[in-house]
file data.txt (compact mmCIF, C-alpha atoms)
# COMPACT_ATOMS: atom_id res chain seq x y z
CA MET A 40 0.00 0.00 0.00
CA PRO A 41 1.23 3.53 -0.71
CA SER A 42 1.87 5.83 2.24
CA PHE A 43 3.57 9.12 3.01
CA ASP A 44 5.32 11.04 5.77
CA ILE A 45 4.58 14.72 5.25
CA SER A 46 6.99 15.77 8.03
CA ARG A 47 9.95 14.47 6.00
CA SER A 48 8.58 14.82 2.45
CA ARG A 49 8.84 11.11 1.73
CA PHE A 50 6.48 8.70 0.01
CA ARG A 51 6.29 4.91 -0.32
CA LEU A 52 5.17 4.09 -3.86
CA ALA A 53 5.25 1.03 -6.11
CA ASP A 54 5.93 1.35 -9.83
CA GLU A 55 2.23 1.15 -10.66
CA HIS A 56 1.49 4.02 -8.27
CA VAL A 57 4.10 6.19 -9.99
CA ILE A 58 2.62 5.35 -13.41
CA VAL A 59 -0.85 6.35 -12.19
CA LEU A 60 0.44 9.60 -10.69
CA CYS A 61 2.26 10.47 -13.91
CA ALA A 62 -0.92 9.84 -15.92
CA LEU A 63 -3.03 11.97 -13.60
CA ALA A 64 -0.45 14.76 -13.48
CA THR A 65 -0.33 15.00 -17.27
CA GLY A 66 -4.08 14.62 -17.83
CA SER A 67 -3.70 11.20 -19.43
CA GLU A 68 -6.09 8.29 -19.10
CA VAL A 69 -5.26 5.78 -16.35
CA PRO A 70 -5.20 2.24 -17.84
CA ASP A 71 -7.97 -0.03 -16.57
CA GLU A 72 -5.45 -2.52 -15.20
CA LEU A 73 -4.15 0.19 -12.83
CA ALA A 74 -7.56 1.01 -11.34
CA ALA A 75 -6.65 -0.82 -8.11
CA ALA A 76 -3.44 1.23 -7.78
CA GLN A 77 -5.43 4.45 -8.28
CA LYS A 78 -7.87 3.38 -5.55
CA GLU A 79 -4.96 2.73 -3.18
CA LEU A 80 -3.68 6.26 -3.84
CA PHE A 81 -7.19 7.60 -3.13
CA ASP A 82 -7.53 5.53 0.06
CA CYS A 83 -4.30 6.91 1.50
CA GLY A 84 -5.14 10.50 0.56
CA LEU A 85 -2.61 11.16 -2.17
CA VAL A 86 -5.29 11.76 -4.84
CA ASP A 87 -8.93 12.81 -4.52
CA GLU A 88 -12.01 11.27 -6.12
CA ASP A 89 -11.56 13.51 -9.19
CA GLY A 90 -7.97 12.33 -9.66
CA LYS A 91 -6.40 15.56 -8.41
CA LEU A 92 -3.02 15.12 -6.77
CA SER A 93 -2.36 16.16 -3.18
CA ALA A 94 -0.37 19.40 -2.95
CA ALA A 95 2.28 17.45 -1.01
CA LEU A 96 3.05 15.48 -4.18
CA LEU A 97 3.59 18.43 -6.52
CA PRO A 98 7.38 18.97 -5.98
CA LEU A 99 7.95 15.23 -6.31
CA MET A 100 5.91 14.82 -9.49
CA GLU A 101 7.35 17.93 -11.13
CA THR A 102 10.81 16.41 -10.73
CA VAL A 103 9.78 12.89 -11.75
CA LEU A 104 8.15 14.18 -14.94
CA THR A 105 10.92 16.55 -16.03
CA PRO A 106 14.28 15.57 -14.55
CA GLY A 107 17.35 17.34 -15.83
CA VAL A 108 19.73 14.63 -14.62
CA VAL A 109 18.90 10.95 -13.99
CA ILE A 110 21.18 8.92 -11.71
CA SER A 111 20.64 5.17 -11.53
CA LEU A 112 22.02 2.75 -8.94
CA GLU A 113 21.69 -0.96 -9.70
CA ALA A 114 22.76 -3.15 -6.80
CA ALA A 115 22.92 -6.94 -6.59
CA GLY A 116 23.53 -9.07 -3.52
CA ARG A 117 22.39 -12.15 -1.65
CA GLN A 118 18.88 -10.69 -1.29
CA GLY A 119 18.51 -10.14 -5.01
CA LYS A 120 18.67 -7.06 -7.20
CA LEU A 121 17.57 -3.59 -6.15
CA HIS A 122 17.20 -0.38 -8.12
CA HIS A 123 17.75 2.97 -6.44
CA GLY A 124 18.37 6.36 -7.97
CA MET A 125 18.09 10.11 -8.00
CA LEU A 126 16.35 12.69 -10.19
CA ILE A 127 17.65 16.25 -10.33
CA GLY A 128 15.12 18.83 -11.49
CA THR A 129 14.83 22.58 -11.80
CA ASP A 130 13.97 23.24 -8.16
CA HIS A 131 14.12 19.89 -6.41
CA VAL A 132 16.11 16.66 -6.05
CA VAL A 133 14.26 13.37 -5.56
CA ALA A 134 15.89 10.17 -4.30
CA HIS A 135 14.22 6.77 -4.58
CA GLU A 136 15.36 3.71 -2.66
CA ALA A 137 14.06 0.14 -2.88
CA TRP A 138 13.85 -2.46 -0.11
CA PRO A 139 14.38 -6.23 -0.46
CA GLY A 140 11.13 -8.13 -0.86
CA VAL A 141 8.94 -5.01 -0.90
CA THR A 142 7.19 -3.63 -3.98
CA GLU A 143 7.13 -0.03 -2.75
CA ALA A 144 10.20 2.19 -2.93
CA GLU A 145 10.76 5.27 -0.80
CA TYR A 146 10.77 8.57 -2.68
CA SER A 147 12.11 11.56 -0.77
CA LEU A 148 12.92 15.20 -1.45
CA LEU A 149 16.53 16.22 -0.78
CA GLU A 150 18.39 19.39 -0.11
CA PRO A 151 20.52 19.62 -3.33
CA ARG A 152 23.73 20.26 -1.41
CA THR A 153 23.44 16.86 0.29
CA LEU A 154 23.02 14.69 -2.79
CA VAL A 155 26.61 13.36 -2.84
CA TRP A 156 26.23 12.27 0.79
CA LYS A 157 22.92 10.64 -0.10
CA LEU A 158 24.47 8.70 -2.97
CA ALA A 159 27.32 7.61 -0.71
CA GLY A 160 24.72 6.40 1.78
CA MET A 161 22.88 4.45 -0.91
CA VAL A 162 26.01 2.38 -1.58
CA ASN A 163 26.81 2.16 2.15
CA LEU A 164 30.21 3.79 1.65
CA GLN A 165 32.37 3.18 4.73
CA LYS A 166 35.97 3.79 5.68
CA SER A 167 38.12 1.21 3.90
CA PRO A 168 39.63 -1.57 6.03
CA ALA A 169 43.41 -1.58 6.08
CA ALA A 170 44.96 -4.00 3.60
CA PRO A 171 48.28 -5.80 4.22
CA ASP A 172 51.16 -4.40 2.19
CA THR A 173 51.50 -7.76 0.44
CA ALA A 174 47.80 -8.06 -0.41
CA PRO A 175 47.06 -8.21 -4.17
CA SER A 176 45.31 -5.16 -5.56
CA LEU A 177 44.33 -6.36 -9.05
CA VAL A 178 42.65 -9.43 -10.49
CA GLU A 179 41.83 -10.16 -14.12
CA THR A 180 39.83 -13.01 -15.61
CA THR A 181 36.76 -13.41 -17.86
CA ILE A 182 33.07 -12.63 -17.42
CA GLY A 183 32.24 -16.32 -17.80
CA THR A 184 34.56 -17.38 -14.99
CA VAL A 185 33.22 -14.75 -12.60
CA GLU A 186 29.60 -15.58 -13.42
CA ALA A 187 30.31 -19.25 -12.69
CA GLY A 188 31.49 -18.28 -9.21
CA LEU A 189 28.61 -15.87 -8.59
CA ALA A 190 26.09 -18.55 -9.58
CA VAL A 191 27.02 -20.38 -6.36
CA LEU A 192 25.64 -17.48 -4.32
CA GLU A 193 22.36 -17.61 -6.22
CA GLY A 194 22.00 -21.26 -5.25
CA GLY A 195 23.05 -20.61 -1.66
CA GLY A 196 20.23 -22.68 -0.20
CA VAL A 197 22.14 -25.85 -1.10
CA VAL A 198 25.31 -24.77 0.73
CA ARG A 199 25.33 -25.60 4.44
CA SER A 200 28.31 -23.56 5.68
CA ALA A 201 30.67 -20.74 4.72
CA GLU A 202 33.43 -23.31 4.17
CA ASP A 203 31.22 -25.35 1.86
CA GLU A 204 30.26 -22.23 -0.03
CA ARG A 205 33.88 -21.19 -0.53
CA ALA A 206 34.77 -24.68 -1.73
CA ALA A 207 31.84 -24.65 -4.16
CA ILE A 208 32.94 -21.25 -5.49
CA ARG A 209 36.50 -22.48 -6.06
CA GLN A 210 35.18 -25.52 -7.87
CA ALA A 211 32.98 -23.32 -10.07
CA LEU A 212 35.94 -21.08 -10.87
CA THR A 213 37.99 -24.13 -11.81
CA THR A 214 35.22 -25.27 -14.12
CA GLY A 215 35.04 -21.77 -15.62
CA GLY A 216 38.75 -21.91 -16.38
CA GLY A 217 41.17 -19.07 -17.02
CA LEU A 218 42.38 -18.66 -13.42
CA GLY A 219 45.46 -20.06 -11.78
CA GLU A 220 46.71 -19.74 -8.23
CA PRO A 221 46.80 -17.41 -6.35
CA ALA A 222 44.27 -15.49 -8.49
CA GLN A 223 41.67 -18.24 -8.11
CA ALA A 224 41.90 -18.10 -4.32
CA LEU A 225 41.57 -14.31 -4.37
CA VAL A 226 38.50 -14.33 -6.61
CA ALA A 227 36.92 -17.06 -4.48
CA ASP A 228 37.54 -14.96 -1.36
CA LEU A 229 36.10 -11.83 -3.00
CA ILE A 230 32.92 -13.64 -4.08
CA SER A 231 32.55 -15.25 -0.65
CA GLU A 232 32.79 -11.86 1.08
CA LEU A 233 30.75 -10.00 -1.54
CA ARG A 234 28.19 -7.78 0.19
CA SER A 235 26.97 -6.22 -3.03
CA SER A 236 28.05 -5.41 -6.54
CA TRP A 237 26.68 -2.16 -7.84
CA ARG A 238 26.94 0.32 -10.65
CA LEU A 239 26.15 4.00 -10.65
CA THR A 240 25.33 5.80 -13.90
CA SER A 241 24.24 9.34 -14.66
CA ALA A 242 22.73 10.82 -17.80
CA TRP A 243 21.55 14.22 -19.00
CA ARG A 244 20.89 16.07 -22.21
CA THR A 245 23.58 18.23 -23.74
CA HIS A 246 24.76 19.53 -27.10
CA HIS A 247 27.64 18.24 -29.20
CA GLU A 248 28.72 20.02 -32.37
CA GLY A 249 25.44 21.90 -32.47
CA LYS A 250 23.29 18.79 -32.11
CA GLU A 251 21.33 17.49 -29.15
CA ALA A 252 23.12 14.59 -27.46
CA ALA A 253 23.22 12.65 -24.23
CA GLU A 254 26.07 12.74 -21.72
CA THR A 255 26.50 9.52 -19.73
CA ARG A 256 28.97 8.62 -17.00
CA GLY A 257 29.28 5.64 -14.74
CA PHE A 258 31.37 3.20 -12.74
CA ALA A 259 30.90 -0.14 -10.98
CA VAL A 260 32.18 -1.50 -7.67
CA TRP A 261 32.33 -4.73 -5.69
CA ASP A 262 31.87 -4.16 -1.95
CA CYS A 263 33.67 -7.13 -0.43
CA GLY A 264 33.32 -6.17 3.24
CA PRO A 265 36.56 -6.96 5.10
CA LEU A 266 38.38 -7.33 1.77
CA GLY A 267 37.54 -3.75 0.81
CA TYR A 268 36.21 -2.03 -2.29
CA TRP A 269 37.11 -3.22 -5.78
CA LEU A 270 36.53 -0.96 -8.78
CA ARG A 271 35.47 -2.82 -11.88
CA GLU A 272 37.77 -1.40 -14.55
CA LEU A 273 36.60 -3.84 -17.24
CA PRO A 274 34.01 -3.94 -18.60
CA ALA A 275 34.00 -0.19 -18.07
CA GLU A 276 30.78 1.71 -17.45
CA PRO A 277 28.61 2.75 -19.14
CA VAL A 278 28.66 -0.61 -20.90
CA ALA A 279 26.46 -1.92 -23.69
CA GLU A 280 25.16 -5.29 -22.49
CA GLU A 281 24.98 -6.68 -26.02
CA ARG A 282 28.75 -6.28 -26.35
CA ILE A 283 29.48 -8.48 -23.34
CA THR A 284 30.28 -12.16 -23.87
CA PRO A 285 31.55 -14.89 -21.51
CA ALA A 286 35.02 -14.34 -23.00
CA SER A 287 35.02 -10.58 -22.25
CA THR A 288 37.75 -9.40 -19.88
CA PHE A 289 36.77 -8.81 -16.27
CA ARG A 290 39.19 -6.72 -14.19
CA LEU A 291 38.91 -5.56 -10.57
CA VAL A 292 41.26 -3.10 -8.85
CA ARG A 293 41.21 -2.47 -5.12
CA VAL A 294 40.52 1.17 -4.22
CA GLU A 295 40.03 3.24 -1.09
CA ALA A 296 36.67 4.67 -0.05
CA ARG A 297 37.89 8.17 -0.89
CA THR A 298 38.38 7.09 -4.50
CA ILE A 299 34.75 6.00 -4.67
CA TRP A 300 33.68 9.34 -3.15
CA THR A 301 35.62 11.13 -5.89
CA ARG A 302 34.01 8.92 -8.53
CA ILE A 303 30.53 9.69 -7.16
CA THR A 304 31.26 13.41 -7.31
CA GLY A 305 32.53 12.98 -10.88
CA LEU A 306 29.18 11.54 -11.96
CA LEU A 307 27.54 14.94 -11.58
CA PRO A 308 27.50 17.65 -14.21
CA ASP A 309 29.13 20.97 -13.40
CA GLN A 310 26.89 23.97 -12.77
CA GLY A 311 26.90 25.06 -16.41
CA GLU A 312 26.04 21.56 -17.65
CA LEU A 313 23.32 21.23 -15.02
CA ARG A 314 21.68 24.52 -15.98
CA GLN A 315 21.74 23.48 -19.64
CA ALA A 316 20.30 20.03 -18.88
CA VAL A 317 17.47 21.44 -16.78
CA ALA A 318 16.71 24.17 -19.32
CA GLN A 319 16.18 21.54 -22.03
CA GLN A 320 13.40 19.81 -20.13
CA PRO A 321 9.82 20.61 -21.21
CA HIS A 322 7.90 22.62 -18.63
CA ARG A 323 4.45 21.40 -17.69
CA GLY A 324 1.73 23.72 -16.61
call {"tool": "encode", "arguments": {"input": "data.txt", "output": "structure tokens"}}
result
Amino acid sequence: MPSFDISRSRFRLADEHVIVLCALATGSEVPDELAAAQKELFDCGLVDEDGKLSAALLPLMETVLTPGVVISLEAAGRQGKLHHGMLIGTDHVVAHEAWPGVTEAEYSLLEPRTLVWKLAGMVNLQKSPAAPDTAPSLVETTIGTVEAGLAVLEGGGVVRSAEDERAAIRQALTTGGGLGEPAQALVADLISELRSSWRLTSAWRTHHEGKEAAETRGFAVWDCGPLGYWLRELPAEPVAEERITPASTFRLVRVEARTIWTRITGLLPDQGELRQAVAQQPHRG
């Protein structure tokens, strides 16, 4: 069910609720199959019987409908895949965060100056654990080999202990091929300790050589808990999925938390680019 907290300008909405709100905000017809979602919005007080949106929703919907910059965070872990993100508009910034096993995501309005801290919070950025001077800082293999190891986590219900899981991962990596010692042991350890793998991407409209174009930036990270953060150098983001094959190179490099902070900051357009991106969005009356 949708709900809201007016004291903190936050709303819990499923995808179908957002679709209904977008239709109502633009004067479009709500599809019959979304009638139940519209009734839920009415029951909780976010729309009235005539389909008019609550005033509390207006800043949120204005930003959702005409964002200047779209930031997407795709995270995968033992609880499945989650999609978070941020929308930067003319006057407001909206963050949306999913929760494992729940259809509704939380949408909240942010103070623009805090958005980097919010993004860092979305990826749970913490101070990096100290690494031994002799610890390896780079590993390179193939997509196919890594996916063979990760598949063990997806079938975790069969594994009865952490030791069994690590042994199963090593066996999967051996089957995948392309890794010798000590690289195989390192990759097995990284997968065993993997808290989440995530990628952050940003996109906005710009101009290139007098023509309208899209600017995109991104990077991907493995958060391996006590083994630290590992930046995925290859395949580099933004990456076209259709160009990835099992034989594609997969390369991880260990980095400090401050490097990730710098990368997050680098996702954002500068003030001139932001003004241009926002100005290109259609204004709705």
call {"tool": "closest_residue", "arguments": {"input": "data.txt", "among": "A:Glu68, A:Glu202, A:Glu145, A:Glu254", "to": "A:Leu306", "atoms": "all atoms listed in the file"}}
result
A:Glu254
call {"tool": "closest_residue", "arguments": {"input": "data.txt", "among": "A:Val294, A:Ala242, A:Val108, A:Ala190", "to": "A:Val133", "atoms": "all atoms listed in the file"}}
result
A:Val108
call {"tool": "closest_residue", "arguments": {"input": "data.txt", "among": "A:Ser67, A:Ser111, A:Ser42, A:Ser48", "to": "A:Leu85", "atoms": "all atoms listed in the file"}}
result
A:Ser42
call {"tool": "residues_around", "arguments": {"input": "data.txt", "residues": "A:Ile110", "least_positions_apart": "5", "cutoff": "7 Å", "atoms": "all atoms listed in the file", "output": "list in words"}}
result
Gly124, Met125, Leu126, Thr240, Ser241 and Ala242 of chain A
call {"tool": "residues_around", "arguments": {"input": "data.txt", "residues": "A:His56", "least_positions_apart": "6", "cutoff": "9 Å", "atoms": "all atoms listed in the file", "output": "ChimeraX atom specification"}}
result
/A:41,73,76-77,79-80,143
call {"tool": "closest_residue", "arguments": {"input": "data.txt", "among": "A:Thr255, A:Glu179, A:Ser200, A:Gly264", "to": "A:Gln223", "atoms": "all atoms listed in the file"}}
result
A:Glu179
call {"tool": "atom_distance", "arguments": {"input": "data.txt", "atom1": "atom CA of A:Val260", "atom2": "atom CA of A:Ser236"}}
result
5.8 Å
call {"tool": "atom_distance", "arguments": {"input": "data.txt", "atom1": "atom CA of A:Asp262", "atom2": "atom CA of A:Ala224"}}
result
17.3 Å
call {"tool": "atom_distance", "arguments": {"input": "data.txt", "atom1": "atom CA of A:Ala222", "atom2": "atom CA of A:Ile303"}}
result
28.7 Å
call {"tool": "closest_residue", "arguments": {"input": "data.txt", "among": "A:Met161, A:Thr245, A:Ile182, A:Trp237", "to": "A:Arg282", "atoms": "only C-alpha atoms"}}
result
A:Ile182
call {"tool": "closest_residue", "arguments": {"input": "data.txt", "among": "A:Leu266, A:Cys83, A:Ala75, A:Met40", "to": "A:Thr142", "atoms": "only C-alpha atoms"}}
result
A:Met40
call {"tool": "residues_near_point", "arguments": {"input": "data.txt", "point": "(40.7, -2.6, 6.1)", "cutoff": "12 Å", "atoms": "only C-alpha atoms", "output": "list in words"}}
result
Gln165, Lys166, Ser167, Pro168, Ala169, Ala170, Pro171, Asp172, Ala174, Cys263, Gly264, Pro265, Leu266, Gly267, Tyr268, Arg293, Val294, Glu295 and Ala296 of chain A
